[in-house]
Amino acid sequence: MIFLKLLSKLVSMLRSGDSAWGIAWGFSLGAVLGLTPFLGLHTAVVVLLVCVLRVNVSAALFAWLLFGAVAWVLDPVFHSLGYFVLTGIPALEPLWTNLYNAPVAPLTRFNNTVMMGSWIVSLLLLVPNTVLFRAFVLKYRASWNAKIARWKWVRAAGASGFVQTLWKIRGWEV
């Protein structure tokens with residue numbers, strides 16, 4: 001049931017009149033939340049950005065769930081990358097020491113290997129995720145939306161009175 005509701009929100013988001021950039025940035029910020037461990041100062045900052053900026057909150061929630069599942073699988077990679085950055089580069093050791101002794105920096109949990117590795121990956125993917133998801137939204141709106149609406153099982157579901165009522169409640173076309 002939750003999966004169907006999430007899928008409904010995704011399709012609704014793609015069909016909405018929201019800007020493609022707003023949806024794409026929401027998706028990218030949600031990816032940052034999903035790839036990185038939840039507890040940390042960065043979570044509050046990213047959630048604040050999602051609330052303050054004109055981004056699609058549904059896209060952010062969808063990406064948070066999607067990338068959260070991906071991050072669980074990639075945790076060993078994040079650990080290795082974070083361990084290398086924190087211990088394998090001697091020139092950065094004074095930076096890590098100063099950050100650890102700073103008043104607010106330890107709240108970011110930068111000294112956690114998984115946190116550091118996931119931060120690096122999520123920040124490297126921020127702009128590419130935005131550009132790719134914007135292209136996906138534009139492609140969906142331009143051609144895939146009409147093609148999907150012509151599928152037999154979608155038309156059959158649309159012919160159902162129950163589904164038509166749900167679509168009217170959602171504000172979709174019947």
# chains A, B, ... in the order shown; residues from 1 in each chain; ligands from 1
>>> select_by_dssp(residues="chain A", states="alpha helix (DSSP H)", output="ChimeraX atom specification")
/A:2-15,20-35,41-52,57-87,93-101,113-139,145-149,152-159,161-170
>>> closest_atom_pairs(of="segment 36-144 of chain A", to="segment 12-27 of chain A", cutoff="10 Å", atoms="only C-alpha atoms", output="CSV")
residue,atom,partner,partner_atom,distance
A:Leu49,CA,A:Gly26,CA,9.4
A:Val50,CA,A:Gly26,CA,6.7
A:Cys51,CA,A:Gly26,CA,9.9
A:Leu53,CA,A:Gly22,CA,8.6
A:Arg54,CA,A:Gly22,CA,6.1
A:Val55,CA,A:Gly22,CA,4.2
A:Asn56,CA,A:Ile23,CA,4.8
A:Val57,CA,A:Gly26,CA,6.1
A:Ser58,CA,A:Met13,CA,7.0
A:Ala59,CA,A:Phe27,CA,4.7
A:Ala60,CA,A:Gly26,CA,4.5
A:Leu61,CA,A:Phe27,CA,7.8
A:Phe62,CA,A:Phe27,CA,7.3
A:Ala63,CA,A:Phe27,CA,5.3
A:Trp64,CA,A:Phe27,CA,7.9
A:Leu66,CA,A:Phe27,CA,9.9
A:Phe67,CA,A:Phe27,CA,9.9
A:Leu126,CA,A:Trp25,CA,8.6
A:Val127,CA,A:Trp25,CA,8.7
A:Asn129,CA,A:Ala24,CA,7.5
A:Thr130,CA,A:Ala24,CA,4.9
A:Val131,CA,A:Ala24,CA,7.2
A:Leu132,CA,A:Ala24,CA,8.0
A:Phe133,CA,A:Ala24,CA,5.2
A:Arg134,CA,A:Ala24,CA,5.0
A:Ala135,CA,A:Ala20,CA,8.2
A:Phe136,CA,A:Ala24,CA,8.9
A:Val137,CA,A:Ala20,CA,6.2
A:Leu138,CA,A:Ala20,CA,6.8
A:Tyr140,CA,A:Leu14,CA,7.3
A:Arg141,CA,A:Arg15,CA,6.8
>>> write_last_selection(atoms="N, CA and C atoms", output="CSV table (one decimal), in the first residue's frame")
chain,number,residue,atom,x,y,z
A,49,LEU,N,17.0,23.6,3.8
A,49,LEU,CA,17.1,24.0,2.4
A,49,LEU,C,15.8,23.5,1.6
A,50,VAL,N,15.4,22.3,1.9
A,50,VAL,CA,14.2,21.8,1.2
A,50,VAL,C,13.0,22.6,1.6
A,51,CYS,N,12.9,23.0,2.8
A,51,CYS,CA,11.7,23.8,3.3
A,51,CYS,C,11.8,25.3,2.8
A,53,LEU,N,13.8,26.7,0.1
A,53,LEU,CA,13.9,26.9,-1.3
A,53,LEU,C,12.7,26.3,-2.0
A,54,ARG,N,12.5,26.8,-3.2
A,54,ARG,CA,11.3,26.3,-4.0
A,54,ARG,C,11.6,25.0,-4.7
A,55,VAL,N,11.7,24.0,-3.9
A,55,VAL,CA,12.0,22.6,-4.4
A,55,VAL,C,10.8,21.8,-4.1
A,56,ASN,N,10.7,20.7,-4.9
A,56,ASN,CA,9.5,19.8,-4.7
A,56,ASN,C,9.8,18.9,-3.5
A,57,VAL,N,9.0,18.9,-2.5
A,57,VAL,CA,9.2,18.2,-1.3
A,57,VAL,C,8.9,16.7,-1.6
A,58,SER,N,8.0,16.4,-2.4
A,58,SER,CA,7.7,14.9,-2.8
A,58,SER,C,8.9,14.3,-3.4
A,59,ALA,N,9.6,15.1,-4.3
A,59,ALA,CA,10.8,14.6,-5.0
A,59,ALA,C,11.9,14.3,-3.9
A,60,ALA,N,12.0,15.2,-3.0
A,60,ALA,CA,13.0,15.1,-1.9
A,60,ALA,C,12.7,13.8,-1.1
A,61,LEU,N,11.5,13.6,-0.7
A,61,LEU,CA,11.1,12.4,0.1
A,61,LEU,C,11.3,11.1,-0.7
A,62,PHE,N,11.0,11.1,-2.0
A,62,PHE,CA,11.1,10.0,-2.8
A,62,PHE,C,12.6,9.6,-3.0
A,63,ALA,N,13.5,10.6,-3.2
A,63,ALA,CA,14.9,10.4,-3.4
A,63,ALA,C,15.5,10.0,-2.0
A,64,TRP,N,15.0,10.5,-0.9
A,64,TRP,CA,15.5,10.2,0.4
A,64,TRP,C,15.3,8.7,0.6
A,66,LEU,N,14.7,6.3,-1.8
A,66,LEU,CA,15.4,5.6,-2.8
A,66,LEU,C,16.9,5.5,-2.5
A,67,PHE,N,17.5,6.6,-2.2
A,67,PHE,CA,19.0,6.6,-2.0
A,67,PHE,C,19.3,6.1,-0.6
A,126,LEU,N,25.7,15.7,-6.5
A,126,LEU,CA,24.6,16.7,-6.3
A,126,LEU,C,24.3,17.3,-7.7
A,127,VAL,N,25.2,17.9,-8.4
A,127,VAL,CA,24.9,18.6,-9.6
A,127,VAL,C,24.5,17.5,-10.7
A,129,ASN,N,23.1,14.6,-10.4
A,129,ASN,CA,21.8,14.2,-10.1
A,129,ASN,C,20.7,15.2,-10.6
A,130,THR,N,21.0,16.5,-10.3
A,130,THR,CA,20.1,17.5,-10.6
A,130,THR,C,19.9,17.6,-12.2
A,131,VAL,N,20.9,17.6,-12.9
A,131,VAL,CA,20.9,17.7,-14.4
A,131,VAL,C,20.2,16.5,-14.9
A,132,LEU,N,20.5,15.3,-14.5
A,132,LEU,CA,19.9,14.1,-15.0
A,132,LEU,C,18.5,14.0,-14.7
A,133,PHE,N,18.1,14.3,-13.5
A,133,PHE,CA,16.7,14.2,-13.1
A,133,PHE,C,15.8,15.3,-13.8
A,134,ARG,N,16.4,16.4,-14.0
A,134,ARG,CA,15.7,17.4,-14.8
A,134,ARG,C,15.4,16.9,-16.2
A,135,ALA,N,16.4,16.3,-16.8
A,135,ALA,CA,16.3,15.8,-18.2
A,135,ALA,C,15.2,14.7,-18.1
A,136,PHE,N,15.2,13.9,-17.1
A,136,PHE,CA,14.2,12.8,-17.0
A,136,PHE,C,12.8,13.4,-16.9
A,137,VAL,N,12.6,14.4,-16.1
A,137,VAL,CA,11.3,15.1,-15.9
A,137,VAL,C,10.8,15.6,-17.3
A,138,LEU,N,11.7,16.3,-18.0
A,138,LEU,CA,11.4,16.9,-19.2
A,138,LEU,C,11.0,15.8,-20.3
A,140,TYR,N,9.9,12.8,-19.6
A,140,TYR,CA,8.7,12.2,-19.2
A,140,TYR,C,7.5,13.1,-19.7
A,141,ARG,N,7.6,14.4,-19.4
A,141,ARG,CA,6.5,15.3,-19.8
A,141,ARG,C,6.3,15.4,-21.3
>>> closest_residue(among="A:Ile120, A:Ile148, A:Ala102, A:Met115", to="Thr43 of chain A", atoms="only C-alpha atoms")
A:Met115
>>> atom_distance(atom1="atom CA of Gly34 of chain A", atom2="atom CA of Val46 of chain A")
10.9 Å
>>> closest_residue(among="A:Val121, A:Ala146, A:Phe84, A:Arg109", to="His42 of chain A", atoms="only C-alpha atoms")
A:Arg109
>>> closest_residue(among="A:Met116, A:Leu10, A:Leu123, A:Leu29", to="Val77 of chain A", atoms="only C-alpha atoms")
A:Met116
>>> closest_residue(among="A:Ser28, A:Thr36, A:Thr97, A:Ser80", to="Asn111 of chain A", atoms="only C-alpha atoms")
A:Thr97
>>> atom_distance(atom1="atom CA of Ala105 of chain A", atom2="atom CA of Thr87 of chain A")
17.9 Å
>>> atom_distance(atom1="atom CA of Gly82 of chain A", atom2="atom CA of Ala44 of chain A")
21.3 Å
>>> decode(residues="segment 41-118 of chain A", atoms="C-alpha atoms", output="short mmCIF file (atom, residue, chain, number, x, y, z; two decimals), in the first residue's frame")
data_model
loop_
_atom_site.label_atom_id
_atom_site.label_comp_id
_atom_site.auth_asym_id
_atom_site.auth_seq_id
_atom_site.Cartn_x
_atom_site.Cartn_y
_atom_site.Cartn_z
CA LEU A 41 24.11 18.73 11.49
CA HIS A 42 23.99 18.34 7.71
CA THR A 43 20.55 16.70 7.97
CA ALA A 44 19.09 19.79 9.61
CA VAL A 45 20.75 22.04 7.02
CA VAL A 46 19.47 20.03 4.04
CA VAL A 47 15.95 19.74 5.49
CA LEU A 48 15.99 23.51 6.05
CA LEU A 49 17.06 24.02 2.41
CA VAL A 50 14.22 21.78 1.23
CA CYS A 51 11.75 23.82 3.28
CA VAL A 52 13.10 27.27 2.39
CA LEU A 53 13.95 26.86 -1.29
CA ARG A 54 11.32 26.31 -3.96
CA VAL A 55 11.99 22.63 -4.41
CA ASN A 56 9.53 19.78 -4.70
CA VAL A 57 9.17 18.15 -1.28
CA SER A 58 7.71 14.94 -2.77
CA ALA A 59 10.79 14.56 -4.96
CA ALA A 60 13.01 15.05 -1.93
CA LEU A 61 11.12 12.42 0.08
CA PHE A 62 11.14 9.98 -2.84
CA ALA A 63 14.90 10.40 -3.36
CA TRP A 64 15.53 10.15 0.38
CA LEU A 65 13.87 6.73 0.45
CA LEU A 66 15.44 5.55 -2.81
CA PHE A 67 18.98 6.64 -1.99
CA GLY A 68 18.61 5.49 1.61
CA ALA A 69 18.23 1.93 0.31
CA VAL A 70 21.18 2.42 -2.04
CA ALA A 71 23.32 3.85 0.77
CA TRP A 72 22.72 0.81 2.92
CA VAL A 73 24.33 -1.32 0.21
CA LEU A 74 27.16 1.18 -0.38
CA ASP A 75 28.14 1.66 3.28
CA PRO A 76 31.32 -0.45 2.93
CA VAL A 77 32.42 1.73 0.00
CA PHE A 78 31.64 4.88 1.98
CA HIS A 79 33.63 3.51 4.93
CA SER A 80 36.67 2.78 2.74
CA LEU A 81 36.57 6.20 1.09
CA GLY A 82 36.05 8.00 4.40
CA TYR A 83 38.82 6.02 6.07
CA PHE A 84 41.20 6.92 3.26
CA VAL A 85 40.33 10.63 3.42
CA LEU A 86 40.56 10.80 7.21
CA THR A 87 43.70 8.70 7.71
CA GLY A 88 45.38 8.11 4.35
CA ILE A 89 46.24 11.71 3.51
CA PRO A 90 48.72 13.01 6.11
CA ALA A 91 48.51 16.59 4.80
CA LEU A 92 44.86 16.77 5.94
CA GLU A 93 45.56 15.67 9.52
CA PRO A 94 45.93 19.25 10.87
CA LEU A 95 42.64 20.19 9.20
CA TRP A 96 40.81 17.30 10.88
CA THR A 97 42.39 18.20 14.24
CA ASN A 98 41.35 21.85 13.95
CA LEU A 99 37.83 20.92 12.86
CA TYR A 100 37.47 18.50 15.75
CA ASN A 101 38.49 21.23 18.19
CA ALA A 102 36.14 23.80 16.64
CA PRO A 103 32.89 24.47 18.51
CA VAL A 104 30.32 23.38 15.88
CA ALA A 105 32.23 21.14 13.47
CA PRO A 106 32.03 17.95 15.60
CA LEU A 107 28.23 18.11 15.31
CA THR A 108 28.66 17.27 11.62
CA ARG A 109 30.23 13.93 12.62
CA PHE A 110 32.88 14.43 9.94
CA ASN A 111 35.23 12.11 11.85
CA ASN A 112 32.96 9.11 11.17
CA THR A 113 34.35 7.21 8.19
CA VAL A 114 30.95 6.32 6.75
CA MET A 115 29.76 9.91 7.17
CA MET A 116 32.85 11.34 5.46
CA GLY A 117 32.68 8.89 2.56
CA SER A 118 28.96 9.41 2.02
#
